[in-house]
There are 4 protein chains.
Amino acid sequence: MKALIFGGPGQRSWESTADPGISEPTDVIVKVDATTICGTDLHILKGDVPAVTEGRVLGHEAVGTVVETGAAVSSLKKGDRVLVPAITSCGRCAPCKKGMAAHCEAVGGIGWIFGHLIDGVQSEYARVPYAETSVHAVPEGVADDQVLFLADILPTGYEIGVQNGRVQPGDTIAVVGAGPVGLAAMMTAAIAGAGRIIAVDMAQSRLKHATNFGATHTVVGGEDAERQILEITGGAGVDVAMEAVGIPGTFDLCTRIVRAGGTVANIGVHGAPTTLHLEDLWIKNITITTGLVSGTTIPTLLKLARDGKMEAEKLGTHHFALNEIEEAYDVFAAAGEHDALKVVLRG
Amino acid sequence: MKALIFGGPGQRSWESTADPGISEPTDVIVKVDATTICGTDLHILKGDVPAVTEGRVLGHEAVGTVVETGAAVSSLKKGDRVLVPAITSCGRCAPCKKGMAAHCEAVGGIGWIFGHLIDGVQSEYARVPYAETSVHAVPEGVADDQVLFLADILPTGYEIGVQNGRVQPGDTIAVVGAGPVGLAAMMTAAIAGAGRIIAVDMAQSRLKHATNFGATHTVVGGEDAERQILEITGGAGVDVAMEAVGIPGTFDLCTRIVRAGGTVANIGVHGAPTTLHLEDLWIKNITITTGLVSGTTIPTLLKLARDGKMEAEKLGTHHFALNEIEEAYDVFAAAGEHDALKVVLRG
Amino acid sequence: MKALIFGGPGQRSWESTADPGISEPTDVIVKVDATTICGTDLHILKGDVPAVTEGRVLGHEAVGTVVETGAAVSSLKKGDRVLVPAITSCGRCAPCKKGMAAHCEAVGGIGWIFGHLIDGVQSEYARVPYAETSVHAVPEGVADDQVLFLADILPTGYEIGVQNGRVQPGDTIAVVGAGPVGLAAMMTAAIAGAGRIIAVDMAQSRLKHATNFGATHTVVGGEDAERQILEITGGAGVDVAMEAVGIPGTFDLCTRIVRAGGTVANIGVHGAPTTLHLEDLWIKNITITTGLVSGTTIPTLLKLARDGKMEAEKLGTHHFALNEIEEAYDVFAAAGEHDALKVVLRG
Amino acid sequence: MKALIFGGPGQRSWESTADPGISEPTDVIVKVDATTICGTDLHILKGDVPAVTEGRVLGHEAVGTVVETGAAVSSLKKGDRVLVPAITSCGRCAPCKKGMAAHCEAVGGIGWIFGHLIDGVQSEYARVPYAETSVHAVPEGVADDQVLFLADILPTGYEIGVQNGRVQPGDTIAVVGAGPVGLAAMMTAAIAGAGRIIAVDMAQSRLKHATNFGATHTVVGGEDAERQILEITGGAGVDVAMEAVGIPGTFDLCTRIVRAGGTVANIGVHGAPTTLHLEDLWIKNITITTGLVSGTTIPTLLKLARDGKMEAEKLGTHHFALNEIEEAYDVFAAAGEHDALKVVLRG
């Protein structure tokens, strides 16, 4: 088969490689019908994720069709259309039983293994371990595009942003960072009933997208952002501030704009420590949450997609055939230039 | 002033009576700017509520303007526009401190006293006891019509239906009974992210209204209703079944259509016992809830109204001047004939 | 091997039968180190559970040692000591993923299959399906007796009584029925911080046991029970009333003694409908819950046993060798006469 | 009357001052029957709390007897024994209605005003504003000593430590800092069912006290603490880590010892920022909480004291007459030397 193979920092190519086969009785093999590229893939290509070694097939988000099943698999069969999420869940370790597959012990303590510790899904076929406890049937009548982003960014926005942030109907929230994950947080916060959604970003083009994903207010990031957000909230601060960038400055902003009793839900991937102003925050009755997605809400999101309550496909702004993936990488790597959010690759 | 006065079963009249005055330091007097009529008022007129004695001013839902304040009132002042809810809360008894003003001890163990144990608000002026812990400021820019139904039916639908039912984004719910309170439950369930809302009623005219309040499916009540609801849910049953009629048959239907692990939220006012099929239900992991509204969610609903997320005014289908209240009663008492939901009376 | 075999209504015998073997790759075989008898087993013997057919090995609670593992089993190995709970969980169906193995679809929609739909554990060896998602490792240093009752009655008391009842520190609760499951509810309610635990039973001998399981007050069941319970609570009623008998009268008592805003948690197995006084209860803001145990709290209970916070072994009042099981059945069937709670059978 | 008066940094004296009187209709005057000294009072004396001006009566924890009531007070009367908590709650502002009196707007946005913004309770008599929504009746048969510490440190430990930390039965928790508030957290965590309570402190004398308040393990603070705590938990980390010191190092320790999915509940009062290692924590699915007590759990704690489930009086190690308060300050300021926890002053 063909696959997108990592060749060390800066190196990737769409090339032939061995077809995957069943190696554990809990595996299935899927034909990849749709996949996409994640910001993390770009980090890997920069050499930022040393656990990814040369020769690895990249990618961790797919919709596929089952073509082979392991001996222990009884609830999936050839021909089933499935969503293959970013996170693998063995279903039997303590974290998985608690709904925290993000820390699945059976796959090494971190549930993200596709395109990281094992071959990924930017390929014609892929081996899916612990398939029955990891994949989800795609409801009839729902297209690949409608569920592809439920593999990672939508449950990330919903679980790590909206659920951790305990967004309630009527809440005023701020989402700092209007990239794909921030937009996913806005989209699902709107479904959960948020009354005001303030999008904050440095780029006007992203703020424009934000209004299409539920934002009711937009604020350009920078020195004046705090003042503007407090003004919108009559000085009180927001009920929930979501950090979707991953740098100290935006995290700090979140702690300054959250109201007493509110929540800062960190979604961003951070590479550096930050200063936490406990001398101000100890008395403020706030909650700060962090986390990697576990995918527990994917069944809910699938129902919302099926019932027409969530147009997840809007995140896919650019479409390619799977064998055009190298071009797709170029577009996604220069997302600003192309006004791209996510790319869709069809197998 | 003029007021709608109960004269015993079958007797009501809009007539002159003494102006209300401050009697406790925690009282305020409001000029009534808008009020409405509740199904309960019709029950009182039938003589079904013996606690209501002759001479009582009826009505328990109003928007008003403060015209006088008691000596202990510091957070309200003349000219403030306020929502006067159906439930009075002293704010200091154990139930009120727990957010259960429905059982406020200071006013006798049941928070509904307007037009019941004290004079109500279908009048030009009204005395509002425990005002600071009971009324809510109407946000600037929000009209009387937009908040009037937040006095009773919207928090009833939201607290007793949606919150008790623990409606989550993506849930499939059934609301049995598409009268004003059932519609309020649908409207707020939609805001909370319900994916499918099945309205059940005997009257086609009400089912037609239901689709305007968030219902995605409609089922005519009766023998075939159970089968149709189960069919919509692929045989599984609904996540939440709300009873908004108040009779044994509809309650029983709710216990048959709820899925294992789901919730039956009773909103209806019942006058008779029902048979509970524990021989089937003991194993079903279900939750049944009952309750009178407490009004704890009114601040949330006010924000939703202010932010344009909830068009509560749609419940008001017929409008009258306050002094036309007798005509309004006639219309509301024959709601089916007039295709009326709620009437709005403007002071 | 030898096993306790059901021979139709009234018939049971400890006799030779074929050794169990692995039939699915997710199975394990355990040597039974300890088992017990449940009230349900007595019902089966009376012929009350028609799904149990002649030749079936009875029993659904065991501690055992793994002696063989299926091909898909990677987290269990020969020699592991495991608790085999009453409920089997496939770990991959929708109910299991939601923590509701009570309704596991893979085993037929009800998680209780041992000694019911497949051979049970009152035997020298037993086949355990879906082993990795069903059994629990017994912590080192913890004896069989300390965890045996975590197979069924303790998680039943805790999940269906204490968790469904939302028992909070300081709560006053009543447990109606002081049999083994009622005692398990008292024991775990005490751990969860209940301030007052009122045990209600017709038998003085059971009330005496109750004081050894956390009851702070005892009330003899019958006509005066309601008055006494209300007196203990100063007329307010209890925060949580747990029904652990399974008949209409005790369920009705629970609905009368629960305070406004409180919870009735039904634990009992009911064979008949009851009358639900909605004409009183609609306004009372109460919650009624039902359910079959799922076993989600077994990891918690194992930790409590390990840390010396719960002496579960106190429930085992009579001890036998496994091959004395027929005598043990006689004692358990006449529990009142022997002042027996649960019997322990050692393999 | 006599009162302990702040005379500027380093200055305090027990001297005569004017008797307090009713100034608002919602006030009551209490005769102080018991009071105590808080670490905050020592900070005030050091000059660390500039809002406290010369002439202020100090103290914010008391049990008293009502001697006079304002015109709007209807639920309290002369002779009532009441607990006067540290936090004043108007009961009518948005934060109070949400159970967050810590941020009561009516008293300036911070609920702690006694001995801070108004005269406190280290005096023979005290004026208590917003009395009906702030004080709590002391149950009959309960002594002053049993409830005095429910004015501040016990609800602080319970709300800010145990509730914010979401301590569940069976949890393993660490409390870093075994001063009075840390001990209060341990005591209430034990009531809530914590299985293992690890006390961490630099002082052996405090660790000795800790074992008397529920600690099951003790660890001397310092370089090896992290290793020891992880060893106790088999490398996994604790479910909940509570910070009860208020310095960067102990907060940082909490973030290192908490398990994936666990909670860091900050109780300490911090005067400096800390470094938050988001580069490690972003993926860890943790929750960090902060807060000032609101007192919402005082009714629960009063029931636990009444029912003999919580021996709060053990925190009072040294007893004095109220007019010996200067000596009591000396003892409390040198608590280590006297092995003192809290002092009790009897009026």
# chains A, B, ... in the order shown; residues from 1 in each chain; ligands from 1
>>> interface_residues(of="chain B", to="chain D", cutoff="7 Å", atoms="only C-alpha atoms", output="list in words")
Pro25, Thr26, Ala72, Gly91, Arg92, Glu132 and Thr133 of chain B
>>> write_last_selection(atoms="C-alpha atoms", output="tab-separated table (two decimals), in the first residue's frame")
chain	number	residue	atom	x	y	z
B	25	PRO	CA	-39.33	46.11	56.24
B	26	THR	CA	-38.33	43.54	53.59
B	72	ALA	CA	-34.57	46.97	55.25
B	91	GLY	CA	-33.40	33.65	51.60
B	92	ARG	CA	-32.70	32.70	55.20
B	132	GLU	CA	-34.56	41.40	47.69
B	133	THR	CA	-34.31	37.62	47.84
>>> select_by_dssp(residues="region 203-297 of chain C", states="strand (DSSP E or B)", output="ChimeraX atom specification")
/C:217-220,238-243,258-266,274-276,287-289
>>> residues_around(residues="Ile160 (chain A)", least_positions_apart="2", cutoff="9 Å", atoms="only C-alpha atoms", output="PyMOL selection string")
(chain A and resi 155-158+162-165+185+242+265-267+289-293) or (chain D and resi 285)
>>> residues_around(residues="Val269 (chain B)", least_positions_apart="2", cutoff="12 Å", atoms="only C-alpha atoms", output="PyMOL selection string")
(chain B and resi 39-40+43+156+160+177+181+243-248+250-251+266-267+271-273+290-293) or (chain C and resi 277-284)
>>> decode(residues="region 196-233 of chain B", atoms="N, CA, C and O atoms", output="CSV table (one decimal), in the first residue's frame")
chain,number,residue,atom,x,y,z
B,196,ARG,N,-32.7,15.3,19.9
B,196,ARG,CA,-34.0,15.0,19.4
B,196,ARG,C,-35.0,15.3,20.5
B,196,ARG,O,-34.9,14.9,21.6
B,197,ILE,N,-36.1,16.1,20.1
B,197,ILE,CA,-37.1,16.4,21.0
B,197,ILE,C,-38.4,15.9,20.5
B,197,ILE,O,-38.9,16.4,19.4
B,198,ILE,N,-39.0,14.9,21.1
B,198,ILE,CA,-40.3,14.3,20.7
B,198,ILE,C,-41.4,14.9,21.5
B,198,ILE,O,-41.5,14.7,22.7
B,199,ALA,N,-42.3,15.6,20.8
B,199,ALA,CA,-43.5,16.2,21.5
B,199,ALA,C,-44.6,15.2,21.3
B,199,ALA,O,-44.9,14.7,20.3
B,200,VAL,N,-45.3,15.0,22.4
B,200,VAL,CA,-46.5,14.1,22.5
B,200,VAL,C,-47.7,14.8,23.0
B,200,VAL,O,-47.6,15.4,24.1
B,201,ASP,N,-48.8,14.8,22.3
B,201,ASP,CA,-50.0,15.5,22.7
B,201,ASP,C,-51.2,14.9,21.9
B,201,ASP,O,-51.0,14.4,20.8
B,202,MET,N,-52.4,15.0,22.5
B,202,MET,CA,-53.6,14.6,21.8
B,202,MET,C,-54.0,15.6,20.7
B,202,MET,O,-54.6,15.2,19.7
B,203,ALA,N,-53.6,16.8,20.9
B,203,ALA,CA,-54.1,17.9,20.0
B,203,ALA,C,-53.1,18.2,18.9
B,203,ALA,O,-52.0,18.6,19.2
B,204,GLN,N,-53.5,18.1,17.7
B,204,GLN,CA,-52.6,18.5,16.6
B,204,GLN,C,-52.2,19.9,16.6
B,204,GLN,O,-51.1,20.3,16.3
B,205,SER,N,-53.1,20.8,17.1
B,205,SER,CA,-52.7,22.2,17.1
B,205,SER,C,-51.6,22.5,18.1
B,205,SER,O,-50.7,23.3,17.8
B,206,ARG,N,-51.5,21.7,19.2
B,206,ARG,CA,-50.4,21.9,20.1
B,206,ARG,C,-49.1,21.3,19.5
B,206,ARG,O,-48.0,21.8,19.7
B,207,LEU,N,-49.2,20.2,18.8
B,207,LEU,CA,-48.1,19.6,18.2
B,207,LEU,C,-47.5,20.6,17.2
B,207,LEU,O,-46.3,20.6,17.0
B,208,LYS,N,-48.4,21.3,16.5
B,208,LYS,CA,-47.9,22.3,15.5
B,208,LYS,C,-47.1,23.4,16.3
B,208,LYS,O,-46.0,23.8,15.8
B,209,HIS,N,-47.6,23.9,17.4
B,209,HIS,CA,-46.8,24.8,18.2
B,209,HIS,C,-45.5,24.2,18.6
B,209,HIS,O,-44.5,24.9,18.6
B,210,ALA,N,-45.5,22.9,19.0
B,210,ALA,CA,-44.3,22.3,19.5
B,210,ALA,C,-43.1,22.4,18.5
B,210,ALA,O,-42.0,22.7,18.9
B,211,THR,N,-43.4,22.3,17.2
B,211,THR,CA,-42.3,22.4,16.3
B,211,THR,C,-41.7,23.8,16.2
B,211,THR,O,-40.6,23.9,15.8
B,212,ASN,N,-42.4,24.7,16.7
B,212,ASN,CA,-41.9,26.1,16.8
B,212,ASN,C,-41.1,26.3,18.1
B,212,ASN,O,-40.6,27.4,18.3
B,213,PHE,N,-41.2,25.3,19.0
B,213,PHE,CA,-40.5,25.5,20.3
B,213,PHE,C,-39.3,24.4,20.4
B,213,PHE,O,-38.9,24.2,21.5
B,214,GLY,N,-38.9,23.9,19.3
B,214,GLY,CA,-37.8,23.0,19.4
B,214,GLY,C,-38.1,21.5,19.1
B,214,GLY,O,-37.1,20.7,19.0
B,215,ALA,N,-39.3,21.1,19.1
B,215,ALA,CA,-39.6,19.7,18.8
B,215,ALA,C,-39.1,19.3,17.4
B,215,ALA,O,-39.4,20.0,16.4
B,216,THR,N,-38.4,18.2,17.4
B,216,THR,CA,-37.9,17.7,16.1
B,216,THR,C,-38.8,16.5,15.6
B,216,THR,O,-38.8,16.2,14.4
B,217,HIS,N,-39.6,16.0,16.5
B,217,HIS,CA,-40.6,14.9,16.1
B,217,HIS,C,-41.9,15.2,16.9
B,217,HIS,O,-41.8,15.6,18.0
B,218,THR,N,-43.0,14.8,16.3
B,218,THR,CA,-44.3,14.9,17.0
B,218,THR,C,-45.0,13.5,16.9
B,218,THR,O,-44.9,12.8,15.9
B,219,VAL,N,-45.7,13.2,18.0
B,219,VAL,CA,-46.4,11.9,18.1
B,219,VAL,C,-47.7,12.3,18.7
B,219,VAL,O,-47.8,12.9,19.8
B,220,VAL,N,-48.8,11.8,18.1
B,220,VAL,CA,-50.1,12.0,18.7
B,220,VAL,C,-50.3,11.0,19.8
B,220,VAL,O,-50.0,9.8,19.7
B,221,GLY,N,-50.7,11.6,21.0
B,221,GLY,CA,-50.9,10.7,22.2
B,221,GLY,C,-52.0,9.7,21.9
B,221,GLY,O,-52.8,9.7,21.0
B,222,GLY,N,-51.9,8.6,22.7
B,222,GLY,CA,-52.9,7.5,22.6
B,222,GLY,C,-52.2,6.2,22.5
B,222,GLY,O,-51.0,6.1,22.8
B,223,GLU,N,-53.0,5.2,22.1
B,223,GLU,CA,-52.5,3.8,22.1
B,223,GLU,C,-51.2,3.6,21.4
B,223,GLU,O,-50.4,2.7,21.8
B,224,ASP,N,-51.0,4.3,20.3
B,224,ASP,CA,-49.9,4.0,19.4
B,224,ASP,C,-48.6,4.8,19.8
B,224,ASP,O,-47.6,4.6,19.2
B,225,ALA,N,-48.8,5.7,20.8
B,225,ALA,CA,-47.7,6.6,21.1
B,225,ALA,C,-46.4,5.9,21.5
B,225,ALA,O,-45.3,6.1,21.0
B,226,GLU,N,-46.5,4.9,22.4
B,226,GLU,CA,-45.4,4.2,22.9
B,226,GLU,C,-44.6,3.5,21.7
B,226,GLU,O,-43.4,3.7,21.6
B,227,ARG,N,-45.3,2.8,20.8
B,227,ARG,CA,-44.7,2.2,19.7
B,227,ARG,C,-43.9,3.2,18.8
B,227,ARG,O,-42.8,2.9,18.5
B,228,GLN,N,-44.6,4.3,18.6
B,228,GLN,CA,-43.9,5.3,17.7
B,228,GLN,C,-42.7,5.9,18.3
B,228,GLN,O,-41.6,6.1,17.7
B,229,ILE,N,-42.7,6.2,19.6
B,229,ILE,CA,-41.5,6.7,20.3
B,229,ILE,C,-40.4,5.7,20.3
B,229,ILE,O,-39.3,6.1,20.0
B,230,LEU,N,-40.7,4.5,20.6
B,230,LEU,CA,-39.7,3.5,20.6
B,230,LEU,C,-39.1,3.3,19.2
B,230,LEU,O,-37.9,3.1,19.1
B,231,GLU,N,-39.9,3.4,18.2
B,231,GLU,CA,-39.4,3.3,16.8
B,231,GLU,C,-38.4,4.5,16.5
B,231,GLU,O,-37.4,4.2,15.9
B,232,ILE,N,-38.8,5.7,16.9
B,232,ILE,CA,-37.9,6.8,16.7
B,232,ILE,C,-36.5,6.6,17.3
B,232,ILE,O,-35.5,6.9,16.8
B,233,THR,N,-36.5,5.9,18.5
B,233,THR,CA,-35.3,5.7,19.2
B,233,THR,C,-34.7,4.3,18.9
B,233,THR,O,-33.8,3.9,19.7
